[in-house]
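Below is work04.cif, which holds mmCIF, C-alpha atoms.
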```cif
data_my_file
loop_
_atom_site.label_atom_id
_atom_site.label_comp_id
_atom_site.auth_asym_id
_atom_site.auth_seq_id
_atom_site.Cartn_x
_atom_site.Cartn_y
_atom_site.Cartn_z
CA MET I 1 -31.45 138.29 44.44
CA LYS I 2 -27.97 137.40 43.13
CA ARG I 3 -27.36 141.08 42.37
CA ILE I 4 -28.45 142.03 45.87
CA LEU I 5 -26.12 139.47 47.43
CA PHE I 6 -23.26 140.59 45.18
CA ALA I 7 -23.82 144.22 46.18
CA ALA I 8 -23.99 143.24 49.84
CA ALA I 9 -20.73 141.35 49.57
CA VAL I 10 -19.00 144.29 47.89
CA ALA I 11 -20.35 146.65 50.54
CA ALA I 12 -19.15 144.34 53.28
CA LEU I 13 -15.72 144.17 51.72
CA ALA I 14 -15.45 147.93 51.36
CA SER I 15 -16.76 148.75 54.84
CA PRO I 16 -14.11 149.29 57.53
CA THR I 17 -16.60 148.29 60.25
CA ALA I 18 -17.99 145.20 58.51
CA ALA I 19 -16.49 142.75 60.96
CA LEU I 20 -17.31 144.51 64.23
CA ALA I 21 -20.24 142.22 64.97
CA GLN I 22 -18.05 139.17 64.68
CA GLU I 23 -15.44 137.81 67.01
CA ASN I 24 -12.63 140.35 66.77
CA CYS I 25 -9.14 139.12 65.90
CA GLY I 26 -7.77 142.64 66.35
CA GLU I 27 -6.15 145.09 63.96
CA VAL I 28 -4.25 143.82 60.93
CA THR I 29 -2.30 145.80 58.34
CA ILE I 30 -1.68 144.50 54.82
CA THR I 31 -0.01 146.07 51.81
CA GLN I 32 -1.96 147.19 48.79
CA MET I 33 0.74 147.35 46.16
CA ASN I 34 0.18 149.79 43.32
CA TRP I 35 -0.58 147.29 40.57
CA ASP I 36 -3.89 145.60 39.84
CA SER I 37 -3.11 141.96 40.52
CA ALA I 38 -1.70 142.77 43.96
CA ALA I 39 -4.70 145.00 44.71
CA ILE I 40 -7.04 142.10 43.95
CA VAL I 41 -5.02 139.74 46.16
CA THR I 42 -5.32 142.28 48.98
CA ALA I 43 -9.05 142.79 48.41
CA VAL I 44 -9.71 139.04 48.53
CA SER I 45 -7.52 138.58 51.61
CA LYS I 46 -9.10 141.57 53.37
CA PHE I 47 -12.59 140.20 52.70
CA LEU I 48 -11.71 136.77 54.09
CA MET I 49 -9.99 138.18 57.16
CA GLU I 50 -12.80 140.62 57.99
CA GLN I 51 -15.84 138.53 57.14
CA GLY I 52 -14.45 135.12 58.05
CA TYR I 53 -12.16 135.86 60.98
CA GLY I 54 -13.47 139.14 62.42
CA CYS I 55 -10.31 141.15 61.81
CA ASP I 56 -10.16 144.94 61.52
CA VAL I 57 -7.99 145.20 58.39
CA THR I 58 -6.25 148.28 57.07
CA ALA I 59 -4.90 148.11 53.52
CA VAL I 60 -1.76 150.25 53.30
CA PRO I 61 -0.97 151.70 49.84
CA SER I 62 2.61 150.71 49.05
CA ASP I 63 5.19 149.47 46.58
CA THR I 64 8.04 146.99 46.93
CA THR I 65 10.79 149.33 48.13
CA PRO I 66 8.64 151.37 50.56
CA ALA I 67 7.25 148.14 52.02
CA MET I 68 10.75 146.81 52.69
CA THR I 69 11.79 150.13 54.24
CA SER I 70 8.74 150.17 56.50
CA LEU I 71 9.39 146.62 57.64
CA SER I 72 13.02 147.45 58.37
CA GLU I 73 12.27 150.63 60.31
CA ASN I 74 8.84 150.04 61.85
CA ASN I 75 8.17 146.28 61.68
CA GLU I 76 5.02 147.14 59.69
CA PRO I 77 2.82 146.26 57.89
CA ASP I 78 1.91 142.88 59.33
CA ILE I 79 1.40 141.27 55.92
CA VAL I 80 3.12 141.95 52.61
CA THR I 81 1.59 140.18 49.67
CA GLU I 82 2.58 139.83 46.03
CA LEU I 83 6.22 140.50 46.85
CA TRP I 84 8.27 139.75 43.73
CA GLU I 85 11.40 138.26 45.24
CA ASN I 86 13.56 139.05 42.21
CA SER I 87 12.92 142.78 42.68
CA ALA I 88 12.84 142.98 46.49
CA GLY I 89 16.55 143.75 46.74
CA ASP I 90 19.07 143.62 49.57
CA ALA I 91 16.66 145.04 52.16
CA TYR I 92 14.50 141.93 51.82
CA LYS I 93 17.52 139.64 52.08
CA LYS I 94 18.59 141.38 55.28
CA LEU I 95 15.11 141.15 56.82
CA LYS I 96 15.10 137.45 56.04
CA ALA I 97 18.63 136.89 57.35
CA ASP I 98 17.81 138.77 60.57
CA GLY I 99 14.74 136.61 61.14
CA LYS I 100 12.32 139.56 61.18
CA ILE I 101 9.98 138.10 58.57
CA VAL I 102 8.47 134.73 57.70
CA GLU I 103 7.78 133.57 54.14
CA LEU I 104 4.32 132.03 54.07
CA GLY I 105 4.44 130.80 50.49
CA ASN I 106 3.82 131.72 46.87
CA VAL I 107 0.73 133.82 46.20
CA LEU I 108 0.98 133.12 42.46
CA ASP I 109 1.35 129.63 41.02
CA PRO I 110 3.64 128.98 39.18
CA GLY I 111 4.66 132.59 39.85
CA GLY I 112 5.25 135.56 37.65
CA VAL I 113 5.66 134.29 34.10
CA GLU I 114 7.72 135.78 31.30
CA GLY I 115 8.39 134.50 27.83
CA TRP I 116 8.16 134.88 24.09
CA TRP I 117 4.59 134.39 22.94
CA LEU I 118 2.50 133.64 19.88
CA PRO I 119 -1.28 133.66 19.43
CA THR I 120 -2.54 130.13 20.08
CA TYR I 121 -4.47 130.13 16.80
CA LEU I 122 -1.13 130.51 14.99
CA VAL I 123 0.45 127.58 16.84
CA GLU I 124 -2.62 125.42 16.21
CA GLU I 125 -2.37 126.18 12.50
CA HIS I 126 1.41 125.63 12.44
CA PRO I 127 2.40 123.28 15.30
CA GLU I 128 6.08 123.62 14.46
CA LEU I 129 5.92 127.15 15.89
CA ALA I 130 5.58 125.80 19.43
CA THR I 131 9.37 125.86 19.81
CA ILE I 132 11.99 128.55 19.31
CA ASP I 133 13.67 126.40 16.66
CA GLY I 134 10.42 126.20 14.71
CA VAL I 135 9.90 129.95 14.98
CA MET I 136 13.43 130.76 13.83
CA ALA I 137 13.07 128.41 10.87
CA ASN I 138 9.81 130.11 9.79
CA PRO I 139 10.03 133.88 10.34
CA GLU I 140 7.43 134.53 7.64
CA LEU I 141 4.80 132.52 9.57
CA VAL I 142 5.09 134.79 12.64
CA GLY I 143 5.17 138.08 10.75
CA GLY I 144 8.94 138.37 10.51
CA MET I 145 9.06 140.70 13.53
CA PHE I 146 9.81 140.44 17.24
CA ASN I 147 7.89 142.81 19.52
CA ASN I 148 10.35 143.94 22.17
CA CYS I 149 10.06 145.75 25.50
CA PRO I 150 10.41 149.54 25.76
CA ASP I 151 13.78 151.06 26.52
CA GLY I 152 14.39 151.33 30.27
CA TRP I 153 12.55 148.15 31.22
CA GLY I 154 14.54 145.30 32.75
CA CYS I 155 13.08 142.89 30.20
CA ARG I 156 14.54 145.01 27.41
CA ILE I 157 18.09 144.20 28.52
CA VAL I 158 17.30 140.49 28.84
CA ASN I 159 15.51 140.37 25.49
CA ASP I 160 18.28 142.25 23.69
CA ASN I 161 20.76 139.64 24.90
CA LEU I 162 18.50 136.68 24.10
CA ILE I 163 17.85 138.13 20.63
CA ARG I 164 21.60 137.94 20.10
CA ALA I 165 21.85 134.51 21.71
CA TYR I 166 19.21 133.07 19.35
CA ASP I 167 20.45 135.21 16.42
CA LEU I 168 16.97 136.39 15.53
CA GLU I 169 18.21 139.13 13.23
CA GLY I 170 20.49 136.66 11.46
CA LYS I 171 17.45 134.44 10.90
CA GLY I 172 15.61 137.29 9.17
CA PHE I 173 13.65 138.93 11.99
CA GLU I 174 13.10 142.65 12.37
CA ILE I 175 13.26 143.79 16.00
CA PHE I 176 10.59 146.35 16.87
CA ASN I 177 11.37 148.16 20.13
CA HIS I 178 8.11 149.51 21.50
CA GLY I 179 8.03 152.99 22.97
CA SER I 180 5.71 152.06 25.83
CA GLY I 181 3.91 149.19 27.48
CA GLU I 182 0.68 150.50 26.01
CA THR I 183 1.86 150.12 22.41
CA LEU I 184 3.21 146.64 23.16
CA ALA I 185 -0.21 145.57 24.49
CA THR I 186 -2.03 147.34 21.66
CA SER I 187 0.01 145.53 19.03
CA MET I 188 -1.11 142.19 20.50
CA ALA I 189 -4.74 143.30 20.58
CA ALA I 190 -4.59 144.49 16.96
CA ALA I 191 -3.17 141.17 15.82
CA PHE I 192 -6.00 139.29 17.54
CA GLU I 193 -8.64 141.54 16.07
CA SER I 194 -7.39 140.74 12.56
CA LYS I 195 -6.30 137.16 13.34
CA GLU I 196 -2.80 138.05 12.17
CA ALA I 197 0.63 136.93 13.28
CA TRP I 198 2.26 138.37 16.41
CA PHE I 199 5.55 137.34 18.01
CA GLY I 200 7.10 138.97 21.04
CA TYR I 201 7.72 139.26 24.74
CA TYR I 202 5.04 139.44 27.41
CA TRP I 203 4.56 138.63 31.06
CA GLY I 204 1.86 137.65 33.50
CA PRO I 205 -0.36 137.99 35.30
CA THR I 206 -1.58 140.76 33.00
CA THR I 207 -4.81 141.83 31.37
CA PRO I 208 -3.71 140.99 27.80
CA LEU I 209 -2.83 137.41 28.76
CA GLY I 210 -6.27 137.15 30.35
CA LYS I 211 -8.04 138.52 27.28
CA PHE I 212 -6.08 136.76 24.55
CA ASP I 213 -5.29 133.07 24.15
CA MET I 214 -1.51 133.12 23.86
CA THR I 215 1.07 130.32 23.81
CA SER I 216 4.45 130.71 25.44
CA ILE I 217 6.86 129.04 23.05
CA ASP I 218 9.39 126.50 24.25
CA MET I 219 12.70 128.36 24.40
CA GLY I 220 14.66 125.34 25.54
CA GLU I 221 16.02 124.71 29.00
CA TYR I 222 16.44 127.35 31.67
CA ASN I 223 20.15 128.03 32.08
CA GLU I 224 20.62 129.94 35.33
CA GLU I 225 24.13 131.13 34.54
CA ALA I 226 23.16 132.26 31.03
CA PHE I 227 19.99 133.99 32.22
CA LEU I 228 21.76 135.87 35.00
CA ALA I 229 24.38 136.99 32.50
CA SER I 230 21.63 138.20 30.15
CA GLN I 231 20.58 140.76 32.78
CA ASN I 232 23.85 142.60 32.12
CA ALA I 233 23.54 145.15 29.32
CA ASP I 234 27.18 144.60 28.44
CA ALA I 235 27.03 140.78 28.27
CA PRO I 236 29.80 139.92 25.78
CA ASP I 237 28.58 136.54 24.57
CA PRO I 238 24.97 135.85 25.62
CA LYS I 239 23.74 132.26 25.62
CA PRO I 240 20.21 130.90 25.08
CA SER I 241 17.93 130.31 28.04
CA ALA I 242 14.25 130.05 28.84
CA PHE I 243 12.76 132.52 31.31
CA PRO I 244 12.36 131.23 34.88
CA ALA I 245 9.10 131.68 36.77
CA ALA I 246 9.49 134.51 39.29
CA SER I 247 8.79 133.71 42.92
CA VAL I 248 5.92 135.93 44.15
CA LEU I 249 5.49 135.68 47.90
CA THR I 250 3.30 136.49 50.86
CA ILE I 251 5.34 137.36 53.94
CA VAL I 252 4.48 138.37 57.50
CA THR I 253 6.47 139.81 60.34
CA LYS I 254 7.79 137.33 62.90
CA ASP I 255 5.72 139.08 65.59
CA PHE I 256 2.50 138.72 63.57
CA MET I 257 3.22 135.05 62.95
CA ALA I 258 3.39 134.55 66.71
CA SER I 259 0.35 136.67 67.62
CA HIS I 260 -1.99 135.64 64.76
CA PRO I 261 -1.19 132.04 63.80
CA ASP I 262 -4.69 131.45 62.41
CA ILE I 263 -4.45 134.46 60.07
CA ALA I 264 -0.91 133.47 59.07
CA LYS I 265 -2.28 130.02 58.23
CA LEU I 266 -5.00 131.59 56.10
CA MET I 267 -2.54 133.81 54.25
CA SER I 268 -0.20 130.88 53.64
CA ASN I 269 -3.07 129.22 51.76
CA VAL I 270 -3.99 132.23 49.60
CA THR I 271 -2.65 131.22 46.19
CA PHE I 272 -3.93 132.18 42.75
CA GLN I 273 -3.14 130.38 39.54
CA THR I 274 -1.30 132.93 37.38
CA ASP I 275 -3.68 132.26 34.48
CA THR I 276 -6.68 132.79 36.77
CA MET I 277 -5.30 136.14 37.91
CA SER I 278 -4.79 137.24 34.30
CA GLN I 279 -8.43 136.33 33.59
CA LEU I 280 -9.54 138.32 36.65
CA LEU I 281 -7.63 141.35 35.39
CA ALA I 282 -9.31 141.00 32.00
CA TRP I 283 -12.76 140.76 33.65
CA LYS I 284 -12.01 143.83 35.77
CA GLU I 285 -11.10 145.87 32.70
CA GLU I 286 -14.06 144.64 30.66
CA LYS I 287 -16.55 145.45 33.43
CA ASN I 288 -14.77 148.62 34.56
CA ALA I 289 -14.95 147.03 38.00
CA SER I 290 -13.33 147.99 41.27
CA ASN I 291 -10.82 145.78 43.07
CA GLU I 292 -13.54 144.92 45.59
CA GLU I 293 -15.93 143.87 42.82
CA ALA I 294 -13.20 141.74 41.24
CA ALA I 295 -12.54 140.11 44.60
CA VAL I 296 -16.21 139.22 45.13
CA TYR I 297 -16.48 138.00 41.54
CA PHE I 298 -13.55 135.65 42.16
CA LEU I 299 -14.92 134.41 45.47
CA LYS I 300 -18.42 133.77 44.10
CA ASN I 301 -17.24 132.00 40.96
CA ASN I 302 -14.27 130.00 42.25
CA PRO I 303 -15.34 128.36 45.53
CA ASP I 304 -13.28 125.25 44.81
CA ALA I 305 -10.16 127.40 44.53
CA TRP I 306 -10.47 129.16 47.89
CA SER I 307 -12.73 127.06 50.15
CA GLY I 308 -9.70 125.13 51.35
CA TRP I 309 -7.96 128.34 52.43
CA ILE I 310 -10.23 129.02 55.40
CA ASN I 311 -11.29 127.21 58.55
CA ASP I 312 -14.77 125.80 59.21
CA SER I 313 -15.88 128.76 61.32
CA ALA I 314 -15.01 131.20 58.54
CA LYS I 315 -16.87 129.04 56.01
CA GLU I 316 -20.04 129.33 58.06
CA LYS I 317 -19.74 133.12 58.31
CA LEU I 318 -19.08 133.53 54.57
CA ALA I 319 -21.82 131.18 53.40
CA VAL I 320 -24.57 133.82 53.48
CA LEU I 321 -22.62 136.54 51.67
CA LEU I 322 -21.27 134.29 48.93
CA LYS I 323 -24.32 132.25 47.97
#
```
Before we go any further, please render this structure as structure tokens.
Amino acid sequence: MKRILFAAAVAALASPTAALAQENCGEVTITQMNWDSAAIVTAVSKFLMEQGYGCDVTAVPSDTTPAMTSLSENNEPDIVTELWENSAGDAYKKLKADGKIVELGNVLDPGGVEGWWLPTYLVEEHPELATIDGVMANPELVGGMFNNCPDGWGCRIVNDNLIRAYDLEGKGFEIFNHGSGETLATSMAAAFESKEAWFGYYWGPTTPLGKFDMTSIDMGEYNEEAFLASQNADAPDPKPSAFPAASVLTIVTKDFMASHPDIAKLMSNVTFQTDTMSQLLAWKEEKNASNEEAAVYFLKNNPDAWSGWINDSAKEKLAVLLK
């Protein structure tokens, strides 16, 4: 019976006419950004809007820059979710300054995370490794190597500067610059398989951080001036800084906010813990699941996380599908 209900929920989510029998809130457009975590956010939101509020939702394949261009030129789509503010650029700033959009809130809590990580089993065995000072004092305990981003990635520039700021090479570390994101992830997986040391950069939400129990080491305080300077490849004298959490937003057009206040309220509540999203990504990969299946899996297994997002009428409508 549970399998039947799960299949029914997935079918309802995937069906463009699933909500026609319900009270119709009208047509709604929402971005489906071209990365997995955003696709899951959209699938969950689409399900709730269609099955709980009777909306006819179209998910529009997009990316950050095309979404900003479309908003600027066409005032569409109605909803943009998982917008990474630090990569949205000047077009987003202008939309905000012109009052064409409304920020509903953060869809990831505490946001996009970046840092230098160690396997938790290593930190539990050697608690002194929980801080950057402890790591630098014990390069042999972490394998004597830092796993760096590939060339061309923004994190590569930041890491190269922070490596200089913390003088990793002077402390005896080899810097291994990975050729791709795949080899960076594979190196972490290989370390876990053998319960060996691994030290390097990673970010979330991502599948590896959902699969592997990693600890983000304490890199000291976040220094805004130092971190901004570290984004310059030619930084002359980089200073230490922790990574800040990236603000990851849901926004709507001003017109949609006025015409669909109940849906805007719903979308302002849609917030995933970053760790939870990483675990969802890991489940999706392990099960070779679709975004719709991942959405239903989340909804069925985390009612306490999302039940407060929706109104009482939507709860009644969803109760049968998500038993």
key: Among the residues I:Pro240, I:Asp213, I:Ala191, I:Phe47, the one that comes closest to Asp133 of chain I [using all atoms listed in the file]   =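 Of I:Pro240, I:Asp213, I:Ala191, I:Phe47, the one nearest Asp133 of chain I is I:Pro240, counting all atoms listed in the file.
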request  = List the residues selected by the PyMOL selection byres ((chain I and resi 268) around 9) in the file shown, writing them as a ChimeraX atom specification.
outcome  = /I:103-107,250-251,263-267,269-271,309
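Distance annotation: of I:Val252, I:Leu118, I:Met257, I:Ala242, the residue with the minimal separation from Phe192 of chain I is I:Leu118; atom set is all atoms listed in the file.
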key: Between atom CA of Pro261 of chain I and atom CA of Val102 of chain I - distance in Å to one decimal   = 11.7 Å
request  = Would you list the residues near (3.4, 143.9, 23.2), meaning any protein, DNA or RNA residue with an atom at most 8 Å from that point in file coordinates, counting all atoms listed in the file, as a ChimeraX atom specification?
outcome  = /I:147-149,178,181-188,200-202
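Among the candidates I:Ser278, I:Thr207, I:Ser45, I:Ser37, the one nearest to Trp306 of chain I when counting only C-alpha atoms is I:Ser45.
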